Each structure stands twice: as C-alpha cells, then as structure tokens.
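**Student:** Data: work-v8.cif, mmCIF, C-alpha atoms.
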data_work
#
loop_
_atom_site.label_atom_id
_atom_site.label_comp_id
_atom_site.auth_asym_id
_atom_site.auth_seq_id
_atom_site.Cartn_x
_atom_site.Cartn_y
_atom_site.Cartn_z
CA MET W 1 7.51 0.92 -1.15
CA SER W 2 4.72 0.79 1.41
CA HIS W 3 5.53 0.84 5.08
CA ASP W 4 4.14 -2.69 5.47
CA HIS W 5 6.23 -3.95 2.60
CA HIS W 6 9.32 -2.31 4.05
CA HIS W 7 8.60 -3.88 7.45
CA ASP W 8 8.14 -7.28 5.81
CA ASP W 9 11.42 -6.91 3.91
CA THR W 10 13.22 -5.99 7.13
CA SER W 11 11.63 -8.83 9.08
CA LEU W 12 12.44 -11.35 6.34
CA GLY W 13 15.97 -10.00 6.03
CA ASP W 14 16.55 -10.46 9.75
CA LEU W 15 15.11 -13.97 9.53
CA LEU W 16 17.41 -14.87 6.63
CA ASP W 17 20.45 -13.54 8.50
CA LEU W 18 19.52 -15.70 11.49
CA ASP W 19 18.97 -18.70 9.21
CA GLY W 20 22.57 -18.34 8.07
CA ASP W 21 23.73 -18.08 11.69
CA VAL W 22 21.65 -20.83 13.32
CA LEU W 23 21.98 -23.25 10.39
CA HIS W 24 25.61 -22.40 9.73
CA ASP W 25 26.71 -26.05 9.57
CA TYR W 26 24.08 -26.89 6.94
CA TRP W 27 25.11 -23.94 4.78
CA ALA W 28 28.79 -24.84 5.11
CA ASP W 29 28.22 -28.53 4.30
CA ALA W 30 25.91 -27.88 1.35
CA LEU W 31 28.07 -25.26 -0.29
CA SER W 32 31.29 -27.15 0.32
CA TRP W 33 29.67 -30.05 -1.56
CA VAL W 34 28.76 -27.73 -4.45
CA ARG W 35 32.34 -26.42 -4.44
CA ARG W 36 33.82 -29.92 -4.64
CA GLU W 37 31.59 -30.96 -7.52
CA ALA W 38 32.30 -27.76 -9.46
CA GLY W 39 35.92 -28.83 -9.84
CA SER W 40 39.02 -26.66 -10.05
CA GLU W 41 38.27 -24.57 -13.09
CA ARG W 42 39.98 -21.22 -13.53
CA ARG W 43 38.16 -18.11 -12.32
CA GLN W 44 34.48 -18.98 -12.20
CA ARG W 45 31.30 -16.96 -12.64
CA ILE W 46 28.64 -17.81 -10.08
CA VAL W 47 25.05 -16.62 -9.71
CA ASP W 48 22.97 -16.69 -6.51
CA LEU W 49 19.32 -16.53 -7.61
CA GLY W 50 17.00 -14.95 -5.08
CA ALA W 51 20.01 -14.26 -2.92
CA GLY W 52 18.17 -12.76 0.06
CA THR W 53 20.68 -11.32 2.50
CA GLY W 54 23.56 -13.18 0.90
CA THR W 55 24.32 -16.19 3.09
CA GLY W 56 24.83 -18.31 -0.02
CA THR W 57 26.52 -15.50 -1.95
CA LEU W 58 29.20 -14.99 0.67
CA HIS W 59 29.77 -18.69 1.38
CA LEU W 60 30.32 -19.18 -2.35
CA ALA W 61 32.67 -16.21 -2.60
CA HIS W 62 34.78 -17.61 0.24
CA ARG W 63 34.86 -21.11 -1.25
CA PHE W 64 35.58 -20.20 -4.87
CA ALA W 65 38.84 -18.26 -4.83
CA ASP W 66 38.85 -15.41 -7.37
CA ALA W 67 35.30 -16.19 -8.55
CA GLU W 68 32.92 -13.45 -9.59
CA VAL W 69 29.71 -13.96 -7.58
CA ILE W 70 26.53 -12.22 -8.73
CA ALA W 71 23.66 -11.90 -6.24
CA VAL W 72 20.23 -11.46 -7.86
CA ASP W 73 17.20 -10.39 -5.84
CA ALA W 74 14.00 -8.40 -6.28
CA SER W 75 14.55 -6.54 -2.99
CA ALA W 76 16.84 -3.50 -2.95
CA GLU W 77 17.07 -3.77 0.84
CA MET W 78 18.37 -7.35 0.68
CA LEU W 79 20.97 -6.39 -1.91
CA HIS W 80 22.09 -3.46 0.25
CA ARG W 81 22.74 -5.91 3.09
CA ILE W 82 24.79 -8.12 0.76
CA ARG W 83 26.96 -5.22 -0.36
CA GLU W 84 27.61 -4.20 3.24
CA LYS W 85 28.59 -7.73 4.23
CA ALA W 86 30.80 -8.16 1.18
CA LEU W 87 32.59 -4.95 2.10
CA ASP W 88 33.03 -6.08 5.72
CA GLN W 89 34.41 -9.45 4.60
CA GLY W 90 36.83 -8.06 2.02
CA LEU W 91 34.82 -9.45 -0.90
CA ALA W 92 33.45 -6.26 -2.44
CA ASP W 93 35.70 -6.57 -5.49
CA ARG W 94 34.24 -9.99 -6.38
CA VAL W 95 30.60 -9.75 -5.24
CA THR W 96 28.17 -7.78 -7.38
CA THR W 97 24.43 -7.34 -7.00
CA VAL W 98 21.68 -7.23 -9.62
CA HIS W 99 18.24 -5.85 -8.73
CA ALA W 100 15.81 -7.87 -10.83
CA ASP W 101 12.47 -9.62 -10.78
CA LEU W 102 13.08 -13.06 -12.27
CA ASP W 103 9.44 -13.29 -13.31
CA GLU W 104 10.08 -10.50 -15.81
CA ALA W 105 13.27 -11.42 -17.65
CA TRP W 106 16.55 -13.27 -17.20
CA PRO W 107 19.01 -10.60 -16.01
CA ILE W 108 22.43 -12.25 -16.34
CA PRO W 109 24.14 -12.70 -19.71
CA GLY W 110 26.18 -15.90 -19.92
CA PRO W 111 28.35 -17.69 -19.52
CA VAL W 112 27.65 -18.87 -15.96
CA ASP W 113 29.59 -21.69 -14.28
CA VAL W 114 27.52 -22.30 -11.14
CA THR W 115 24.00 -21.23 -10.15
CA TRP W 116 22.77 -21.51 -6.56
CA ALA W 117 19.04 -21.06 -5.85
CA SER W 118 18.06 -21.45 -2.21
CA LEU W 119 14.38 -21.30 -1.21
CA SER W 120 13.75 -18.95 -4.12
CA LEU W 121 12.36 -20.85 -7.09
CA HIS W 122 9.08 -21.67 -5.36
CA HIS W 123 8.31 -17.93 -5.25
CA LEU W 124 8.36 -17.63 -9.05
CA THR W 125 5.33 -17.57 -11.31
CA ASP W 126 7.08 -19.64 -13.99
CA PRO W 127 10.12 -21.41 -12.55
CA ASP W 128 10.39 -23.65 -15.63
CA ARG W 129 11.04 -20.63 -17.85
CA VAL W 130 13.69 -19.40 -15.40
CA LEU W 131 15.36 -22.83 -15.33
CA ARG W 132 15.47 -22.84 -19.14
CA ASP W 133 17.07 -19.38 -18.99
CA VAL W 134 19.65 -20.65 -16.50
CA HIS W 135 20.36 -23.61 -18.76
CA ALA W 136 20.87 -21.32 -21.75
CA ALA W 137 23.30 -19.15 -19.78
CA THR W 138 25.27 -22.07 -18.26
CA ARG W 139 28.41 -23.25 -19.97
CA ALA W 140 28.72 -26.95 -20.87
CA GLY W 141 29.66 -28.82 -17.70
CA GLY W 142 28.37 -26.03 -15.45
CA LEU W 143 26.25 -26.71 -12.37
CA ILE W 144 22.97 -25.64 -10.86
CA ALA W 145 22.05 -26.38 -7.24
CA VAL W 146 18.48 -25.92 -6.00
CA ALA W 147 17.97 -25.90 -2.22
CA GLU W 148 14.48 -26.32 -0.80
CA PHE W 149 12.90 -27.55 2.44
CA PRO W 150 11.01 -30.87 2.40
CA ILE W 151 9.72 -30.09 5.89
CA GLN W 152 9.46 -26.84 7.84
CA LEU W 153 11.77 -26.06 10.73
CA ARG W 154 10.48 -26.77 14.22
CA PHE W 155 11.70 -25.18 17.44
CA LEU W 156 9.61 -26.47 20.34
CA PRO W 157 10.43 -29.68 22.23
CA ASP W 158 8.07 -32.65 22.46
CA GLY W 159 4.93 -32.07 24.53
CA THR W 160 2.23 -29.42 24.42
CA GLY W 161 4.52 -26.95 22.69
CA ALA W 162 5.14 -29.41 19.86
CA GLU W 163 1.39 -29.99 19.51
CA LEU W 164 0.81 -26.24 19.20
CA GLU W 165 3.62 -26.00 16.66
CA SER W 166 2.10 -28.85 14.62
CA ARG W 167 -1.25 -27.08 14.46
CA LEU W 168 0.39 -23.80 13.45
CA LEU W 169 2.46 -25.51 10.76
CA GLU W 170 -0.65 -27.19 9.39
CA ARG W 171 -2.31 -23.78 9.10
CA LEU W 172 0.83 -22.33 7.56
CA GLY W 173 0.89 -25.15 5.01
CA LYS W 174 -2.63 -24.25 3.87
CA TYR W 175 -1.72 -20.55 3.71
CA GLN W 176 1.35 -21.32 1.58
CA ALA W 177 -0.50 -23.78 -0.68
CA GLU W 178 -2.81 -20.97 -1.74
CA ARG W 179 -0.05 -18.43 -2.35
CA LEU W 180 2.97 -20.52 -3.37
CA PRO W 181 1.69 -23.25 -5.71
CA GLU W 182 5.24 -24.22 -6.74
CA LEU W 183 6.29 -25.05 -3.16
CA GLY W 184 7.07 -28.74 -2.84
CA SER W 185 7.76 -29.21 -6.55
CA ASP W 186 9.83 -32.10 -7.89
CA TRP W 187 12.84 -29.95 -8.70
CA ALA W 188 14.85 -32.87 -10.06
CA ALA W 189 12.17 -33.43 -12.71
CA ARG W 190 11.94 -29.73 -13.49
CA LEU W 191 15.72 -29.42 -13.86
CA THR W 192 15.74 -32.41 -16.22
CA ALA W 193 12.89 -30.90 -18.25
CA ALA W 194 14.93 -27.69 -18.58
CA GLY W 195 17.80 -29.65 -20.17
CA PHE W 196 20.05 -30.35 -17.19
CA ALA W 197 21.39 -33.80 -16.33
CA LEU W 198 20.60 -34.72 -12.74
CA PHE W 199 23.77 -35.35 -10.74
CA GLU W 200 22.63 -36.02 -7.18
CA GLU W 201 20.02 -34.98 -4.62
CA ARG W 202 21.05 -34.79 -0.96
CA THR W 203 18.94 -34.18 2.10
CA PHE W 204 20.72 -32.46 4.98
CA ASP W 205 19.03 -33.31 8.27
CA ILE W 206 19.00 -30.55 10.89
CA ASP W 207 18.74 -31.37 14.60
CA LEU W 208 20.34 -28.83 16.90
CA ALA W 209 19.91 -29.63 20.58
CA PRO W 210 20.64 -27.70 22.61
CA ALA W 211 19.79 -24.95 20.18
CA PRO W 212 22.49 -22.35 19.45
CA PRO W 213 22.16 -18.96 21.19
CA ALA W 214 20.62 -17.18 18.19
CA ALA W 215 17.82 -19.77 17.91
CA ALA W 216 15.49 -17.87 20.25
CA ASP W 217 15.73 -14.75 18.07
CA TYR W 218 15.19 -16.90 14.97
CA ALA W 219 12.17 -18.65 16.52
CA ALA W 220 10.66 -15.36 17.69
CA LEU W 221 10.85 -13.89 14.17
CA TRP W 222 9.53 -17.12 12.65
CA PHE W 223 6.53 -17.33 15.01
CA GLY W 224 5.97 -13.58 14.75
CA ARG W 225 5.72 -13.77 10.97
CA MET W 226 3.39 -16.75 11.35
CA ARG W 227 1.11 -14.79 13.69
CA HIS W 228 1.03 -11.96 11.16
CA ARG W 229 -0.14 -14.35 8.42
CA LEU W 230 -2.55 -16.72 10.15
CA ASP W 231 -5.96 -15.22 10.83
CA ASP W 232 -8.70 -16.75 12.95
CA LEU W 233 -6.50 -18.99 15.07
CA ASP W 234 -8.22 -20.98 17.77
CA PRO W 235 -8.30 -18.62 20.80
CA ALA W 236 -6.25 -21.01 22.93
CA ASP W 237 -3.60 -21.32 20.22
CA ALA W 238 -3.58 -17.55 19.67
CA ALA W 239 -3.00 -17.05 23.42
CA ALA W 240 -0.25 -19.68 23.51
CA LEU W 241 1.44 -18.06 20.51
CA ALA W 242 1.23 -14.68 22.21
CA ASP W 243 2.89 -16.16 25.30
CA LEU W 244 5.78 -17.45 23.17
CA LEU W 245 6.24 -13.98 21.68
CA ASP W 246 5.95 -12.07 24.98
CA GLY W 247 9.57 -11.08 25.39
CA ASP W 248 9.26 -10.55 29.16
CA GLY W 249 6.77 -13.29 29.94
CA PRO W 250 7.57 -16.56 31.70
CA GLY W 251 6.63 -18.58 28.60
CA SER W 252 8.67 -16.44 26.22
CA LEU W 253 10.91 -18.11 23.66
CA HIS W 254 13.76 -16.01 25.01
CA ARG W 255 13.34 -17.48 28.50
CA ARG W 256 13.34 -21.09 27.41
CA ASP W 257 16.36 -23.37 27.60
CA ASP W 258 14.71 -26.31 25.82
CA LEU W 259 14.52 -25.06 22.23
CA ARG W 260 15.58 -27.61 19.64
CA VAL W 261 15.95 -26.75 15.95
CA ARG W 262 14.80 -29.60 13.71
CA GLY W 263 14.13 -29.82 10.02
CA ALA W 264 15.75 -30.63 6.70
CA ARG W 265 17.00 -29.00 3.53
CA THR W 266 17.28 -30.83 0.23
CA VAL W 267 19.83 -29.75 -2.38
CA THR W 268 19.35 -30.98 -5.95
CA LEU W 269 22.51 -30.75 -8.03
CA ALA W 270 22.42 -30.94 -11.82
CA ARG W 271 24.89 -30.31 -14.62
CA ARG W 272 24.53 -28.91 -18.13
CA PRO W 273 25.73 -31.69 -20.46
#
Just give me the structure as structure tokens.
**Tutor:**
Amino acid sequence: MSHDHHHDDTSLGDLLDLDGDVLHDYWADALSWVRREAGSERRQRIVDLGAGTGTGTLHLAHRFADAEVIAVDASAEMLHRIREKALDQGLADRVTTVHADLDEAWPIPGPVDVTWASLSLHHLTDPDRVLRDVHAATRAGGLIAVAEFPIQLRFLPDGTGAELESRLLERLGKYQAERLPELGSDWAARLTAAGFALFEERTFDIDLAPAPPAAADYAALWFGRMRHRLDDLDPADAAALADLLDGDGPGSLHRRDDLRVRGARTVTLARRP
C-alpha cells in the first residue's frame, strides 16, 4: 500500500466515523426502519456491503439480537477499525469481517437475510452483477437496503460561505461524474432488474442547526479531501478554502459557531420474492 493510499484510507476512515457521529439520528432512524421491516425471524444473517468503518455494521448488530453480521470491505484498515469497535461494544462474537473486492467475486455464501449497502454500490464497476449475486444469496423474503445521497452534505450557512460551497460542490460533481459513473443511479430500477421486488424508498432529510460538536471536525475533513481532489480552483476560492481549513485562523471551521449540516440520504428497500 502506498503512503498516499494509506493516508487516503485513514482520512476516509476518520470521515466515515464522523459521519456516524454527526448523522447519528439518520443512521438510527434508517436502520431501525430496516429492522422493523425485517420482521422477527430467528437468528438472522446480515451483510454490510462496503462497510467502511462499520457504522451500519454495529447499528445492525445492536438492533438484531443474536444476528451474525458480516462486514465486507476492500480496505484492511477499515475492517481493522470494525473489529476494534465490535470488541469495545461486546459484539466481537457476532461481527465478522471479510476482506474482499466486490468487483472481483461475490465473497459471501448464502443464505443471507438482510443486506445493507450504504454509499458503496456507486463505487463498483458492475453494480448490477453484484446485485444479482446478492439476490442469489438472499433467502426468499429477505431484504436489501441501498442507502445513497441524492444531494451532497452542506456545512456553511447562507451568504458568501454558501456561495463558495456551491461552487466547490459543482466542481466536485464534475470530478465525481468522471470517476464514479454509477453515482446517482436509479437504484430502485436496478434492484428490480436484479430480481428484487421494490418495497419502499424513503428520503431522510438532514438539517442540524446548530450543528453538533463533531461537525467542525467532519467539515474540516470533508473540505480537506475536496481541496486534495480539485485542481485549478479560482484563486479567490482556493484562498477562501484555505481560510476554512486554517485551524488557528479567524475564518477556520473550528472557530465558527454558525455551521449547519444539511443534506439528505435516500434508502431503497427491496425484498426477494
């Protein structure tokens, strides 16, 4: 693993941990909904696809008593974080990790009762093949839930900061369109094409004002990763972004008391007939 790749893994891991912290209510609401719809079957087998640092994995393990929860990710560092958290939370006997690249082969033999895939399918080269694999592994009546973001999170309040953020997000959208062609897919249609029966799609609106304490750390990582990716910014925007990321500066994100976390996550729930 190159140093840059390791740094990126660490940075993304920290960002995902903060996502679970700052957006705790969304995660709790979404996964409680999945839990209710899964019903009260005996011990269940649950897969978290592209588990990251395990926010979904651990929420699921807490909500499904006695369930086996399998976290799948291509990053060994992410899976290490999951194992540490599972140990800390007394879940190590029910949470297992599988190091796998989903673009290569389906790594989990069936049967599976519930699959959760949060912000992961759009990274795949062939998500339709993976969804067919999930369908084949899912028992009759089992669920899949796909969580994606219809709009990006925003942190800066209305005014000049919001205008800067809009320009940065527009640039980020172009960057992602080139590298993540599956982002923004119609996941309901893709789930149906894979053989699932669509159950319901819910959008969870996020508007946290005042922002929770960890939001400044989250925003700093988010804008820092954006700066790393977006070349040739307008000089004024580059300077304004640098001011936001200057930890000691007067315009620093960590010195602001007006951050507001806004966005949305959409969860598409489908069942194997």
**Student:** Run the PyMOL selection byres ((chain W and resi 210) around 10) mentally over the shown coordinates, then write out the matched residues as a count of residues only, using the chain letters and numbers from the document.
**Tutor:** 12
**Student:** Given only C-alpha atoms as the basis, pick out the residue of W:Gly50, W:Arg43, W:Ile151, W:Pro181 nearest to Ser120 of chain W.
**Tutor:**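 The answer is W:Gly50, which sits nearest to Ser120 of chain W.
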**Student:** Hey, which of W:Ala65, W:Leu221, W:Leu119, W:Ala100 ends up closest to Phe155 of chain W? Count all atoms listed in the file.
**Tutor:**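 Between W:Ala65, W:Leu221, W:Leu119, W:Ala100, the residue approaching Phe155 of chain W most closely is W:Leu221.
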**Student:** When you count all atoms listed in the file, which of these residues is closest to Arg262 of chain W: W:Pro250, W:Gly52, W:Pro235, W:Pro157?
**Tutor:**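 Looking at the shortest contact to Arg262 of chain W, the residue is W:Pro157.
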**Student:** To test your reading of the syntax: which residues would the PyMOL selection byres ((chain W and resi 224-226) around 10) return for the file shown? Reply as a list in words.
**Tutor:** Asp8, Ser11, Leu12, Leu15, Leu168, Leu169, Arg171, Leu172, Tyr175, Tyr218, Ala219, Ala220, Leu221, Trp222, Phe223, Arg227, His228, Arg229, Leu230, Asp231, Leu241, Ala242, Leu244 and Leu245 of chain W
**Student:** W:Ala188, W:Ala145, W:Thr138, W:Ser166: which is nearest Ser118 of chain W, counting only C-alpha atoms?
**Tutor:**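 The closest residue to Ser118 of chain W is W:Ala145.
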